[in-house]
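Dropping input06.tsv in here (TSV, C-alpha atoms and all ligand atoms):
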chain	number	residue	atom	x	y	z
H	18	MET	CA	-43.77	-55.30	-43.53
H	19	LYS	CA	-46.05	-52.48	-42.41
H	20	LYS	CA	-49.76	-52.82	-43.15
H	21	LYS	CA	-51.12	-50.50	-45.84
H	22	LEU	CA	-53.86	-48.07	-44.88
H	23	ALA	CA	-56.17	-46.25	-47.31
H	24	ILE	CA	-58.76	-43.52	-46.81
H	25	ILE	CA	-61.89	-42.92	-48.87
H	26	GLY	CA	-63.22	-39.41	-48.27
H	27	CYS	CA	-60.63	-36.70	-47.61
H	28	GLY	CA	-62.93	-34.07	-46.11
H	29	GLY	CA	-63.44	-32.86	-42.54
H	30	ILE	CA	-63.39	-36.12	-40.62
H	31	GLY	CA	-60.84	-37.67	-42.97
H	32	THR	CA	-58.51	-34.83	-41.98
H	33	TYR	CA	-59.10	-35.60	-38.29
H	34	HIS	CA	-58.17	-39.27	-38.80
H	35	LEU	CA	-55.14	-38.39	-40.94
H	36	GLY	CA	-53.87	-36.24	-38.08
H	37	HIS	CA	-53.90	-39.37	-35.90
H	38	PHE	CA	-52.33	-41.61	-38.56
H	39	LEU	CA	-49.30	-39.30	-38.81
H	40	GLY	CA	-48.43	-40.54	-35.33
H	41	PHE	CA	-48.88	-44.23	-36.27
H	42	THR	CA	-46.31	-44.55	-39.04
H	43	ASP	CA	-44.38	-46.96	-36.79
H	44	ILE	CA	-47.02	-49.57	-37.58
H	45	ILE	CA	-48.73	-48.51	-40.82
H	46	GLU	CA	-47.90	-47.21	-44.27
H	47	LEU	CA	-50.16	-44.37	-45.42
H	48	ALA	CA	-50.65	-45.78	-48.89
H	49	GLY	CA	-53.75	-44.45	-50.65
H	50	PHE	CA	-56.10	-41.47	-50.46
H	51	CYS	CA	-59.29	-41.25	-52.47
H	52	ASP	CA	-61.73	-38.37	-52.89
H	53	LEU	CA	-64.05	-37.36	-55.72
H	54	ILE	CA	-62.40	-33.93	-55.42
H	55	PRO	CA	-58.81	-34.57	-56.63
H	56	GLU	CA	-57.26	-31.63	-54.73
H	57	ARG	CA	-58.48	-33.08	-51.43
H	58	ALA	CA	-56.81	-36.44	-52.09
H	59	GLU	CA	-53.65	-34.67	-53.32
H	60	SER	CA	-53.51	-32.58	-50.16
H	61	PHE	CA	-53.56	-35.78	-48.08
H	62	VAL	CA	-50.56	-37.11	-50.02
H	63	GLN	CA	-48.76	-33.85	-49.24
H	64	LYS	CA	-49.63	-34.02	-45.54
H	65	ALA	CA	-48.79	-37.72	-45.23
H	66	GLY	CA	-45.57	-37.44	-47.20
H	67	SER	CA	-46.39	-40.81	-48.74
H	68	GLY	CA	-48.99	-42.68	-50.79
H	69	LYS	CA	-50.91	-41.85	-53.93
H	70	ALA	CA	-54.06	-39.83	-54.65
H	71	TYR	CA	-57.09	-41.30	-56.42
H	72	THR	CA	-60.58	-40.19	-57.43
H	73	ASP	CA	-61.82	-43.74	-57.96
H	74	TYR	CA	-61.66	-46.10	-54.98
H	75	LEU	CA	-61.75	-49.20	-57.24
H	76	GLU	CA	-58.57	-48.05	-58.96
H	77	MET	CA	-57.04	-47.42	-55.53
H	78	TYR	CA	-58.02	-50.89	-54.30
H	79	ASP	CA	-56.59	-52.51	-57.47
H	80	GLU	CA	-53.27	-50.67	-57.28
H	81	VAL	CA	-52.64	-50.18	-53.55
H	82	LYS	CA	-54.23	-53.40	-52.28
H	83	PRO	CA	-54.80	-51.87	-48.82
H	84	ASP	CA	-54.84	-54.02	-45.68
H	85	MET	CA	-57.42	-51.70	-44.11
H	86	VAL	CA	-59.54	-48.73	-45.12
H	87	PHE	CA	-61.16	-45.77	-43.37
H	88	ILE	CA	-64.43	-44.86	-45.11
H	89	CYS	CA	-65.10	-41.19	-44.34
H	90	ILE	CA	-67.84	-40.24	-46.79
H	91	PRO	CA	-71.09	-38.34	-46.10
H	92	PRO	CA	-74.15	-40.22	-44.75
H	93	TYR	CA	-75.96	-40.43	-48.10
H	94	CYS	CA	-73.01	-42.03	-49.97
H	95	HIS	CA	-72.88	-45.47	-48.33
H	96	GLY	CA	-73.54	-48.86	-49.88
H	97	GLU	CA	-71.54	-49.78	-52.94
H	98	ILE	CA	-68.19	-48.93	-51.33
H	99	GLU	CA	-68.84	-51.13	-48.28
H	100	PHE	CA	-70.06	-54.11	-50.34
H	101	GLU	CA	-67.00	-53.93	-52.61
H	102	THR	CA	-64.70	-53.58	-49.56
H	103	ILE	CA	-66.31	-56.64	-48.00
H	104	ARG	CA	-66.14	-58.59	-51.29
H	105	ARG	CA	-62.39	-57.95	-51.32
H	106	GLY	CA	-62.06	-58.93	-47.65
H	107	ILE	CA	-60.63	-55.56	-46.52
H	108	PRO	CA	-61.23	-54.72	-42.82
H	109	PHE	CA	-62.91	-51.31	-42.63
H	110	PHE	CA	-63.58	-48.43	-40.26
H	111	VAL	CA	-66.63	-46.47	-41.32
H	112	GLU	CA	-67.85	-43.15	-40.04
H	113	LYS	CA	-71.17	-42.82	-38.27
H	114	PRO	CA	-74.06	-42.82	-39.05
H	115	LEU	CA	-73.15	-45.87	-41.26
H	116	ALA	CA	-76.07	-45.32	-43.68
H	117	LEU	CA	-79.39	-43.55	-43.94
H	118	ASP	CA	-81.35	-46.72	-44.68
H	119	LEU	CA	-81.50	-49.19	-41.81
H	120	ASP	CA	-82.04	-52.12	-44.14
H	121	LEU	CA	-78.91	-51.18	-46.11
H	122	ALA	CA	-76.89	-50.97	-42.88
H	123	ARG	CA	-78.28	-54.35	-41.85
H	124	ARG	CA	-77.19	-55.94	-45.15
H	125	ILE	CA	-73.70	-54.42	-44.81
H	126	ARG	CA	-73.53	-55.69	-41.20
H	127	ASP	CA	-74.50	-59.20	-42.24
H	128	ALA	CA	-72.17	-59.30	-45.26
H	129	ALA	CA	-69.21	-58.21	-43.08
H	130	ALA	CA	-70.11	-60.79	-40.43
H	131	GLU	CA	-70.30	-63.54	-43.04
H	132	LYS	CA	-66.70	-62.76	-44.03
H	133	ASN	CA	-65.66	-62.47	-40.37
H	134	LEU	CA	-64.21	-59.05	-41.15
H	135	ILE	CA	-62.85	-56.73	-38.47
H	136	THR	CA	-64.92	-53.54	-38.55
H	137	ALA	CA	-65.14	-50.35	-36.48
H	138	SER	CA	-67.13	-47.14	-36.55
H	139	GLY	CA	-66.54	-43.51	-35.66
H	140	PHE	CA	-67.94	-43.53	-32.13
H	141	GLN	CA	-64.70	-42.24	-30.62
H	142	CYS	CA	-66.53	-40.96	-27.51
H	143	ARG	CA	-66.62	-44.58	-26.30
H	144	TYR	CA	-62.83	-44.33	-25.82
H	145	SER	CA	-63.10	-41.29	-23.53
H	146	LYS	CA	-61.53	-41.45	-20.06
H	147	LEU	CA	-64.92	-40.36	-18.69
H	148	VAL	CA	-66.60	-43.58	-19.80
H	149	PRO	CA	-65.33	-45.95	-17.03
H	150	PRO	CA	-66.56	-43.75	-14.11
H	151	ASN	CA	-69.82	-43.18	-15.98
H	152	MET	CA	-70.32	-46.93	-16.43
H	153	GLU	CA	-69.51	-47.47	-12.74
H	154	PHE	CA	-72.07	-44.86	-11.73
H	155	CYS	CA	-74.78	-46.48	-13.84
H	156	LYS	CA	-73.89	-49.93	-12.52
H	157	ASN	CA	-73.84	-48.93	-8.84
H	158	ASN	CA	-76.94	-46.74	-8.82
H	159	GLU	CA	-80.52	-47.27	-9.84
H	160	ILE	CA	-80.95	-44.76	-12.66
H	161	ILE	CA	-84.58	-43.69	-12.88
H	162	PHE	CA	-84.36	-40.82	-15.35
H	163	ILE	CA	-81.91	-39.76	-18.06
H	164	ASP	CA	-82.06	-36.24	-19.46
H	165	CYS	CA	-79.86	-35.53	-22.47
H	166	THR	CA	-79.56	-32.34	-24.44
H	167	ARG	CA	-77.35	-31.36	-27.37
H	168	ILE	CA	-78.03	-27.89	-28.70
H	169	GLY	CA	-75.67	-26.45	-31.31
H	170	GLY	CA	-75.53	-24.69	-34.65
H	171	VAL	CA	-75.75	-25.70	-38.31
H	172	PRO	CA	-72.46	-27.23	-39.57
H	173	GLY	CA	-70.97	-25.78	-42.76
H	174	VAL	CA	-70.81	-28.87	-45.03
H	175	PHE	CA	-73.38	-28.49	-47.85
H	176	TRP	CA	-75.13	-31.81	-47.24
H	177	TRP	CA	-75.82	-31.30	-43.52
H	178	LYS	CA	-78.78	-28.91	-43.81
H	179	ASP	CA	-80.74	-31.30	-46.07
H	180	LYS	CA	-82.31	-34.07	-43.99
H	181	ASP	CA	-82.46	-36.37	-47.03
H	182	LEU	CA	-78.65	-36.22	-47.31
H	183	SER	CA	-77.59	-36.09	-43.65
H	184	GLY	CA	-80.42	-37.89	-41.88
H	185	GLY	CA	-81.04	-34.80	-39.75
H	186	GLN	CA	-79.40	-33.80	-36.49
H	187	ILE	CA	-80.52	-36.82	-34.45
H	188	VAL	CA	-79.03	-39.28	-36.94
H	189	GLU	CA	-75.96	-37.32	-38.03
H	190	GLN	CA	-74.81	-35.58	-34.87
H	191	THR	CA	-76.69	-36.43	-31.71
H	192	ILE	CA	-76.17	-40.12	-32.52
H	193	HIS	CA	-73.00	-39.71	-30.38
H	194	GLN	CA	-75.24	-39.01	-27.37
H	195	PHE	CA	-77.66	-41.85	-28.26
H	196	ASP	CA	-74.67	-44.16	-28.61
H	197	ILE	CA	-72.97	-43.22	-25.35
H	198	ILE	CA	-76.24	-43.67	-23.43
H	199	ARG	CA	-76.53	-47.19	-24.89
H	200	TYR	CA	-72.88	-47.89	-24.07
H	201	VAL	CA	-72.76	-46.69	-20.46
H	202	PHE	CA	-76.35	-47.41	-19.48
H	203	GLY	CA	-78.39	-49.81	-21.61
H	204	GLU	CA	-80.67	-50.52	-24.52
H	205	PRO	CA	-83.78	-48.59	-25.57
H	206	GLU	CA	-87.09	-50.21	-26.29
H	207	GLU	CA	-89.35	-47.50	-27.70
H	208	VAL	CA	-89.16	-43.83	-28.64
H	209	CYS	CA	-91.59	-41.01	-29.29
H	210	THR	CA	-90.22	-37.88	-30.98
H	211	TYR	CA	-91.60	-34.46	-31.80
H	212	GLY	CA	-89.74	-32.02	-34.02
H	213	THR	CA	-90.19	-28.41	-34.97
H	214	ARG	CA	-89.15	-26.19	-37.87
H	215	GLY	CA	-89.39	-22.53	-38.82
H	216	PHE	CA	-87.01	-20.98	-36.28
H	217	VAL	CA	-83.74	-21.31	-38.22
H	218	LYS	CA	-83.80	-18.63	-40.88
H	219	GLY	CA	-81.57	-17.22	-43.58
H	220	ILE	CA	-79.71	-20.43	-44.55
H	221	PRO	CA	-80.30	-21.21	-48.25
H	222	ASP	CA	-81.74	-24.71	-48.96
H	223	TYR	CA	-82.08	-25.45	-45.24
H	224	ASN	CA	-84.48	-28.38	-44.98
H	225	THR	CA	-84.29	-30.08	-41.61
H	226	ASP	CA	-85.66	-29.95	-38.07
H	227	ASP	CA	-84.61	-27.02	-35.87
H	228	CYS	CA	-85.21	-28.89	-32.66
H	229	SER	CA	-86.61	-32.22	-31.51
H	230	VAL	CA	-87.49	-33.86	-28.24
H	231	THR	CA	-87.50	-37.64	-27.86
H	232	ILE	CA	-88.97	-39.62	-25.00
H	233	VAL	CA	-87.18	-42.94	-24.57
H	234	LYS	CA	-88.47	-46.00	-22.75
H	235	PHE	CA	-85.49	-48.17	-21.90
H	236	LYS	CA	-85.74	-51.96	-21.67
H	237	ASN	CA	-85.19	-51.91	-17.89
H	238	GLY	CA	-88.01	-49.41	-17.22
H	239	THR	CA	-85.90	-46.27	-16.93
H	240	ILE	CA	-87.32	-43.33	-18.84
H	241	GLY	CA	-85.43	-40.55	-20.57
H	242	THR	CA	-85.56	-37.53	-22.81
H	243	ILE	CA	-83.09	-36.68	-25.55
H	244	SER	CA	-83.46	-33.17	-26.94
H	245	THR	CA	-81.43	-31.72	-29.75
H	246	GLY	CA	-81.43	-28.51	-31.73
H	247	ASP	CA	-79.29	-26.75	-34.33
H	248	TYR	CA	-80.75	-23.29	-33.72
H	249	ALA	CA	-78.11	-21.96	-31.33
H	250	LYS	CA	-75.98	-19.00	-32.39
H	251	THR	CA	-73.83	-18.98	-29.25
H	252	GLY	CA	-73.02	-21.21	-26.32
H	253	ASN	CA	-75.32	-19.10	-24.17
H	254	SER	CA	-78.28	-20.81	-25.82
H	255	PHE	CA	-77.97	-24.00	-23.79
H	256	ASP	CA	-75.65	-25.95	-21.51
H	257	SER	CA	-75.66	-29.33	-23.27
H	258	LYS	CA	-75.12	-32.43	-21.14
H	259	ILE	CA	-76.47	-35.85	-20.20
H	260	ILE	CA	-77.83	-36.27	-16.68
H	261	PHE	CA	-78.15	-39.72	-15.13
H	262	SER	CA	-80.47	-39.33	-12.16
H	263	ALA	CA	-80.89	-41.69	-9.20
H	264	ALA	CA	-82.97	-41.06	-6.06
H	265	ASP	CA	-80.05	-39.72	-4.03
H	266	LYS	CA	-77.37	-38.93	-6.62
H	267	ARG	CA	-76.87	-37.73	-10.14
H	268	ALA	CA	-74.07	-37.68	-12.65
H	269	GLU	CA	-73.61	-35.17	-15.44
H	270	LEU	CA	-71.66	-36.03	-18.56
H	271	LYS	CA	-70.43	-33.42	-20.99
H	272	ILE	CA	-69.16	-35.75	-23.69
H	273	LEU	CA	-65.36	-35.50	-24.14
H	274	GLY	CA	-65.39	-32.69	-21.54
H	275	THR	CA	-66.27	-33.48	-17.95
H	276	PHE	CA	-68.08	-36.05	-15.83
H	277	GLU	CA	-69.39	-34.82	-12.49
H	278	VAL	CA	-71.02	-36.85	-9.73
H	279	PHE	CA	-73.28	-35.15	-7.19
H	280	GLY	CA	-74.24	-36.86	-3.93
H	281	GLU	CA	-71.38	-39.35	-3.69
H	282	LYS	CA	-70.03	-37.34	-0.78
H	283	PRO	CA	-73.26	-37.09	1.25
H	284	ALA	CA	-74.49	-33.71	2.36
H	285	GLU	CA	-75.65	-33.15	5.93
H	286	PRO	CA	-79.45	-33.44	5.72
H	287	ALA	CA	-81.49	-30.53	6.99
H	288	PRO	CA	-83.91	-32.59	9.15
H	289	GLU	CA	-86.78	-30.14	9.28
H	290	LYS	CA	-86.84	-29.81	5.49
H	291	GLU	CA	-86.01	-33.34	4.37
H	292	GLY	CA	-88.55	-34.78	1.96
H	293	PHE	CA	-90.63	-31.61	1.70
H	294	VAL	CA	-91.00	-29.40	-1.29
H	295	ILE	CA	-89.28	-26.24	-0.19
H	296	LYS	CA	-89.00	-24.30	-3.43
H	297	GLY	CA	-91.56	-23.04	-5.89
H	298	ASP	CA	-90.15	-25.23	-8.64
H	299	GLY	CA	-90.84	-28.42	-6.67
H	300	ALA	CA	-87.19	-29.16	-5.93
H	301	LEU	CA	-86.06	-30.72	-2.70
H	302	GLY	CA	-83.46	-29.03	-0.55
H	303	GLU	CA	-80.20	-28.61	-2.37
H	304	ALA	CA	-77.37	-31.00	-1.48
H	305	THR	CA	-74.39	-29.17	-0.12
H	306	GLY	CA	-71.83	-31.99	-0.39
H	307	ASP	CA	-68.97	-31.54	-2.82
H	308	SER	CA	-69.24	-33.03	-6.27
H	309	ILE	CA	-66.57	-35.26	-7.77
H	310	LEU	CA	-65.29	-33.93	-11.07
H	311	TYR	CA	-63.45	-35.89	-13.76
H	312	ARG	CA	-61.92	-34.06	-16.72
H	313	GLU	CA	-61.16	-35.47	-20.16
H	314	GLU	CA	-57.51	-35.66	-21.15
H	315	GLY	CA	-56.18	-36.10	-24.65
H	316	ASP	CA	-58.09	-37.04	-27.82
H	317	ALA	CA	-60.22	-40.18	-27.49
H	318	GLY	CA	-60.14	-40.45	-31.29
H	319	ILE	CA	-56.45	-41.42	-31.20
H	320	LEU	CA	-57.19	-44.51	-29.10
H	321	CYS	CA	-60.26	-45.24	-31.21
H	322	ASP	CA	-58.27	-45.28	-34.47
H	323	ARG	CA	-55.25	-47.03	-32.99
H	324	THR	CA	-57.44	-49.78	-31.50
H	325	PHE	CA	-58.88	-50.60	-34.94
H	326	ILE	CA	-55.47	-50.54	-36.62
H	327	GLU	CA	-53.90	-52.77	-33.96
H	328	ALA	CA	-56.88	-55.12	-34.23
H	329	VAL	CA	-56.28	-55.50	-37.97
H	330	ILE	CA	-52.57	-56.10	-37.42
H	331	SER	CA	-53.13	-58.70	-34.67
H	332	GLY	CA	-56.29	-60.20	-36.17
H	333	ASP	CA	-58.03	-59.77	-32.78
H	334	GLY	CA	-60.99	-57.37	-32.89
H	335	SER	CA	-62.06	-57.86	-29.27
H	336	LYS	CA	-60.82	-54.45	-28.02
H	337	ILE	CA	-62.85	-52.51	-30.59
H	338	ARG	CA	-65.60	-50.77	-28.63
H	339	SER	CA	-67.84	-50.01	-31.58
H	340	PRO	CA	-67.82	-52.68	-34.28
H	341	TYR	CA	-70.26	-52.24	-37.16
H	342	SER	CA	-72.75	-54.68	-35.63
H	343	ASP	CA	-73.01	-52.62	-32.45
H	344	ALA	CA	-72.95	-49.23	-34.20
H	345	PHE	CA	-75.92	-50.51	-36.20
H	346	LYS	CA	-77.97	-50.47	-33.00
H	347	SER	CA	-77.27	-46.78	-32.42
H	348	VAL	CA	-78.31	-46.07	-36.00
H	349	ALA	CA	-81.51	-48.04	-35.37
H	350	PHE	CA	-82.13	-46.00	-32.18
H	351	THR	CA	-81.88	-42.71	-34.09
H	352	MET	CA	-83.81	-43.94	-37.15
H	353	ALA	CA	-86.68	-44.91	-34.86
H	354	CYS	CA	-86.81	-41.27	-33.71
H	355	ASN	CA	-87.00	-40.05	-37.30
H	356	GLU	CA	-89.81	-42.50	-38.00
H	357	SER	CA	-91.69	-41.38	-34.91
H	358	MET	CA	-91.23	-37.73	-35.89
H	359	ALA	CA	-92.60	-38.47	-39.37
H	360	THR	CA	-95.59	-40.55	-38.25
H	361	GLY	CA	-96.46	-38.88	-34.95
H	362	LYS	CA	-96.52	-42.31	-33.28
H	363	PRO	CA	-94.29	-44.15	-30.78
H	364	VAL	CA	-91.85	-46.51	-32.53
H	365	LYS	CA	-90.16	-49.70	-31.24
H	366	VAL	CA	-86.37	-49.63	-31.72
H	367	GLU	CA	-85.30	-52.45	-34.06
H	368	LEU	CA	-82.00	-53.44	-32.50
H	369	GLU	CA	-81.60	-56.67	-34.52
G	1	LIG	N1	-66.93	-39.22	-35.58
G	1	LIG	C1	-67.17	-37.92	-35.57
G	1	LIG	O1	-67.15	-37.27	-34.52
G	1	LIG	C2	-67.49	-37.23	-36.85
G	1	LIG	C3	-67.25	-35.85	-36.97
G	1	LIG	C4	-67.54	-35.25	-38.21
G	1	LIG	C5	-68.07	-35.99	-39.23
G	1	LIG	N2	-68.30	-37.33	-39.05
G	1	LIG	C6	-68.93	-38.14	-40.12
G	1	LIG	O2	-68.02	-38.32	-41.19
G	1	LIG	C7	-68.73	-38.35	-42.41
G	1	LIG	C8	-68.11	-37.33	-43.35
G	1	LIG	O3	-68.25	-36.04	-42.79
G	1	LIG	P1	-67.28	-34.85	-43.23
G	1	LIG	O4	-67.60	-33.72	-42.33
G	1	LIG	O5	-65.88	-35.32	-43.32
G	1	LIG	O6	-67.84	-34.55	-44.69
G	1	LIG	P2	-67.08	-33.78	-45.87
G	1	LIG	O7	-68.14	-33.41	-46.84
G	1	LIG	O8	-66.20	-32.74	-45.28
G	1	LIG	O9	-66.12	-34.90	-46.49
G	1	LIG	C9	-66.60	-36.03	-47.16
G	1	LIG	C10	-65.70	-36.29	-48.37
G	1	LIG	O10	-66.08	-37.53	-48.96
G	1	LIG	C11	-65.90	-37.37	-50.36
G	1	LIG	N3	-66.64	-38.43	-51.05
G	1	LIG	C12	-67.98	-38.59	-51.18
G	1	LIG	N4	-68.27	-39.70	-51.89
G	1	LIG	C13	-67.09	-40.24	-52.23
G	1	LIG	C14	-66.74	-41.39	-52.99
G	1	LIG	N5	-67.65	-42.20	-53.53
G	1	LIG	N6	-65.42	-41.64	-53.20
G	1	LIG	C15	-64.48	-40.82	-52.67
G	1	LIG	N7	-64.75	-39.72	-51.94
G	1	LIG	C16	-66.05	-39.43	-51.73
G	1	LIG	C17	-66.38	-35.96	-50.64
G	1	LIG	O11	-65.88	-35.48	-51.87
G	1	LIG	C18	-65.83	-35.21	-49.44
G	1	LIG	O12	-64.56	-34.66	-49.67
G	1	LIG	C19	-70.20	-38.08	-42.08
G	1	LIG	O13	-70.92	-39.28	-42.03
G	1	LIG	C20	-70.15	-37.47	-40.69
G	1	LIG	O14	-71.29	-37.80	-39.92
G	1	LIG	C21	-67.99	-37.95	-37.91
If you convert what's in this file into structure tokens, what do you get?
Ligand SMILES: NC(=O)c1ccc[n+]([C@@H]2O[C@H](COP(=O)([O-])OP(=O)(O)OC[C@H]3O[C@@H](n4cnc5c(N)ncnc54)[C@H](O)[C@@H]3O)[C@@H](O)[C@H]2O)c1
Amino acid sequence: MKKKLAIIGCGGIGTYHLGHFLGFTDIIELAGFCDLIPERAESFVQKAGSGKAYTDYLEMYDEVKPDMVFICIPPYCHGEIEFETIRRGIPFFVEKPLALDLDLARRIRDAAAEKNLITASGFQCRYSKLVPPNMEFCKNNEIIFIDCTRIGGVPGVFWWKDKDLSGGQIVEQTIHQFDIIRYVFGEPEEVCTYGTRGFVKGIPDYNTDDCSVTIVKFKNGTIGTISTGDYAKTGNSFDSKIIFSAADKRAELKILGTFEVFGEKPAEPAPEKEGFVIKGDGALGEATGDSILYREEGDAGILCDRTFIEAVISGDGSKIRSPYSDAFKSVAFTMACNESMATGKPVKVELE
């Protein structure tokens, strides 16, 4: 018999997952859809061509008895649903950023671990084809500096622009960048973050940071900056990427886009200029060797979702790249930035 899958939260990201599930009906039954807004749950039944719509997840759990659930609710709504899901022993996939209270996320993590439940989180970028070459690059080179930037606009969902509901851009959005840096490179130790407001205008009830810059001290001594802003009106505002810089090479990751390595094919050195500052901006002579470019193919989210579903079916969670316990650490990383921004002081990242 096929395993029964349920979704709680039939909004934007729920729709993304449902699109994947439509291709998995060989192994799962799309059995239950729950949203506080009945039309959203009903529309999922229509799209799935199966299952039943609910506005109360408890009623759905009682009737459908799902074998797994995708929890796709906004950041400020977590807690009760996870504890009830764990109490019933249902393996769950929960969207980032897990929760807006680190202690709550820690209690959910521990309760799920106590029940030995298979869990996963919405860090689909970990399943990108660009991750293996990026990991290789970080393993084979001494990375001294990481420079990460994500500059975008203000998303349309009502809760996003209120930091109390979304956690702010670092926690809600740029957590993907924080997470991928942890995954391909290593763990942070301490952060120091400054934020600014007053540049984004004309959005009613807007109450969050327009831009922030974080300095990260990693456990191995590498230093980095992670900058993020929601002030951009067009893509001309900034070319967002993560740069991993070694003494003789660098790699640039555009998450789910491209990964480019500079310096792997060595340039002919210009002997008379080598080692000297030759430009007004302090840069050394430009390498002329070709870069190596990798391009993303397909949707990493399909593999992310399928990996969790197959783990539940087989009972083996070892291929899940972002279980709750690990995702917790990325939440802790971003929460430390918020704390630093609020207090004006450096903050140790509580990874445990
Ligand atoms: N992994 C990713 O790349 C990615 C992308 C977008 C959003 N997200 C995350 O997904 C989450 C949801 O974002 P969204 O854009 O889909 O939001 P959304 O507002 O579009 O959808 C959330 C839905 O959850 C419903 N909901 C809230 N509480 C509920 C409850 N108790 N029971 C049933 N339904 C409930 C709401 O009615 C709403 O329809 C956020 O945490 C966001 O960070 C992840």
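With all atoms listed in the file as the atoms that count, the minimum distance from ligand LIG 1 (chain G) to the choices H:Tyr311, H:Tyr200, H:Trp176, H:Phe38 is reached by H:Trp176.
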#### Entry: Surroundings of ligand LIG 1 (chain G) up to 6 Å, based on all atoms listed in the file, as a PyMOL selection string
chain H and resi 25-31+51-54+89-92+94+112-114+139-140+174+189
Output of the above residues as a PDB file, in the coordinates of the input, restricted to C-alpha atoms:
ATOM      1  CA  ILE H  25     -61.890 -42.920 -48.870  1.00  0.00           C
ATOM      2  CA  GLY H  26     -63.220 -39.410 -48.270  1.00  0.00           C
ATOM      3  CA  CYS H  27     -60.630 -36.700 -47.610  1.00  0.00           C
ATOM      4  CA  GLY H  28     -62.930 -34.070 -46.110  1.00  0.00           C
ATOM      5  CA  GLY H  29     -63.440 -32.860 -42.540  1.00  0.00           C
ATOM      6  CA  ILE H  30     -63.390 -36.120 -40.620  1.00  0.00           C
ATOM      7  CA  GLY H  31     -60.840 -37.670 -42.970  1.00  0.00           C
ATOM      8  CA  CYS H  51     -59.290 -41.250 -52.470  1.00  0.00           C
ATOM      9  CA  ASP H  52     -61.730 -38.370 -52.890  1.00  0.00           C
ATOM     10  CA  LEU H  53     -64.050 -37.360 -55.720  1.00  0.00           C
ATOM     11  CA  ILE H  54     -62.400 -33.930 -55.420  1.00  0.00           C
ATOM     12  CA  CYS H  89     -65.100 -41.190 -44.340  1.00  0.00           C
ATOM     13  CA  ILE H  90     -67.840 -40.240 -46.790  1.00  0.00           C
ATOM     14  CA  PRO H  91     -71.090 -38.340 -46.100  1.00  0.00           C
ATOM     15  CA  PRO H  92     -74.150 -40.220 -44.750  1.00  0.00           C
ATOM     16  CA  CYS H  94     -73.010 -42.030 -49.970  1.00  0.00           C
ATOM     17  CA  GLU H 112     -67.850 -43.150 -40.040  1.00  0.00           C
ATOM     18  CA  LYS H 113     -71.170 -42.820 -38.270  1.00  0.00           C
ATOM     19  CA  PRO H 114     -74.060 -42.820 -39.050  1.00  0.00           C
ATOM     20  CA  GLY H 139     -66.540 -43.510 -35.660  1.00  0.00           C
ATOM     21  CA  PHE H 140     -67.940 -43.530 -32.130  1.00  0.00           C
ATOM     22  CA  VAL H 174     -70.810 -28.870 -45.030  1.00  0.00           C
ATOM     23  CA  GLU H 189     -75.960 -37.320 -38.030  1.00  0.00           C
TER      24      GLU H 189
END
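Here the question is which of H:Ala328, H:Thr166, H:Thr191, H:Ala359 gets nearest to Phe109 of chain H using all atoms listed in the file, and that residue is H:Ala328.
Distance-wise, atom CA of Glu207 of chain H and atom CA of Phe162 of chain H end up 14.9 Å apart.
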### Coordinates-based distance that separates atom CA of Thr231 of chain H from atom CA of Met358 of chain H (Å, one decimal)
8.9 Å
### Query
Neighbours of segment 76-86 of chain H within 6 Å (all atoms listed in the file; same-chain residues fewer than 6 positions away dropped), as a PyMOL selection string?
chain H and resi 20-24+107-109
Please write the residues from the selection above to a file, keeping C-alpha atoms, as a PDB file, in the coordinates of the input.
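After the write, selection-v2.pdb holds the following:
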ATOM      1  CA  LYS H  20     -49.760 -52.820 -43.150  1.00  0.00           C
ATOM      2  CA  LYS H  21     -51.120 -50.500 -45.840  1.00  0.00           C
ATOM      3  CA  LEU H  22     -53.860 -48.070 -44.880  1.00  0.00           C
ATOM      4  CA  ALA H  23     -56.170 -46.250 -47.310  1.00  0.00           C
ATOM      5  CA  ILE H  24     -58.760 -43.520 -46.810  1.00  0.00           C
ATOM      6  CA  ILE H 107     -60.630 -55.560 -46.520  1.00  0.00           C
ATOM      7  CA  PRO H 108     -61.230 -54.720 -42.820  1.00  0.00           C
ATOM      8  CA  PHE H 109     -62.910 -51.310 -42.630  1.00  0.00           C
TER       9      PHE H 109
END
### Query
Restricting the calculation to all atoms listed in the file, which member of H:Ile192, H:Lys156, H:Lys236, H:Pro150 is positioned closest to Ile309 of chain H?
H:Pro150
### Residue contacts of segment 312-326 of chain H (7 Å, only C-alpha atoms) excluding same-chain residues fewer than 2 positions away, as a list in words
His37, Ala137, Gln141, Cys142, Tyr144, Ser145, Lys146, Leu147, Leu273, Gly274, Thr275, Phe276, Leu310, Ala328, Val329, Ile330, Lys336 and Ile337 of chain H
### Selected residue, from H:Lys365, H:Asn157, H:Leu121, H:Ile103, that lies nearest to Leu134 of chain H when counting all atoms listed in the file
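Ranked by minimum distance to Leu134 of chain H, first place goes to H:Ile103.
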### Computed interatomic separation between atom CA of Lys258 of chain H and atom CA of Gly246 of chain H (Å)
12.9 Å
### Message
Need the shell around segment 339-346 of chain H: protein/DNA/RNA residues with any atom at most 7 Å away, counting all atoms listed in the file. Skip same-chain ones fewer than 4 positions apart. Format as a ChimeraX atom specification?
### Response
/H:122,126,136-138,140,350,368
### Task
Dig up all the protein and nucleic acid residues within 7 Å of (-87.6, -38.6, -29.0) in the file frame, using all atoms listed in the file, and format them as a count of residues only.
12
#### Entry: Non-local contacts of Asp227 of chain H (10 Å; only C-alpha atoms; under 6 positions in same chain excluded) as a PyMOL selection string
chain H and resi 168+170-171+185-186+212-218+245-249
#### Entry: Shell of 9 Å around Ile125 of chain H, only C-alpha atoms, local chain residues under 5 positions omitted, as a count of residues only
7
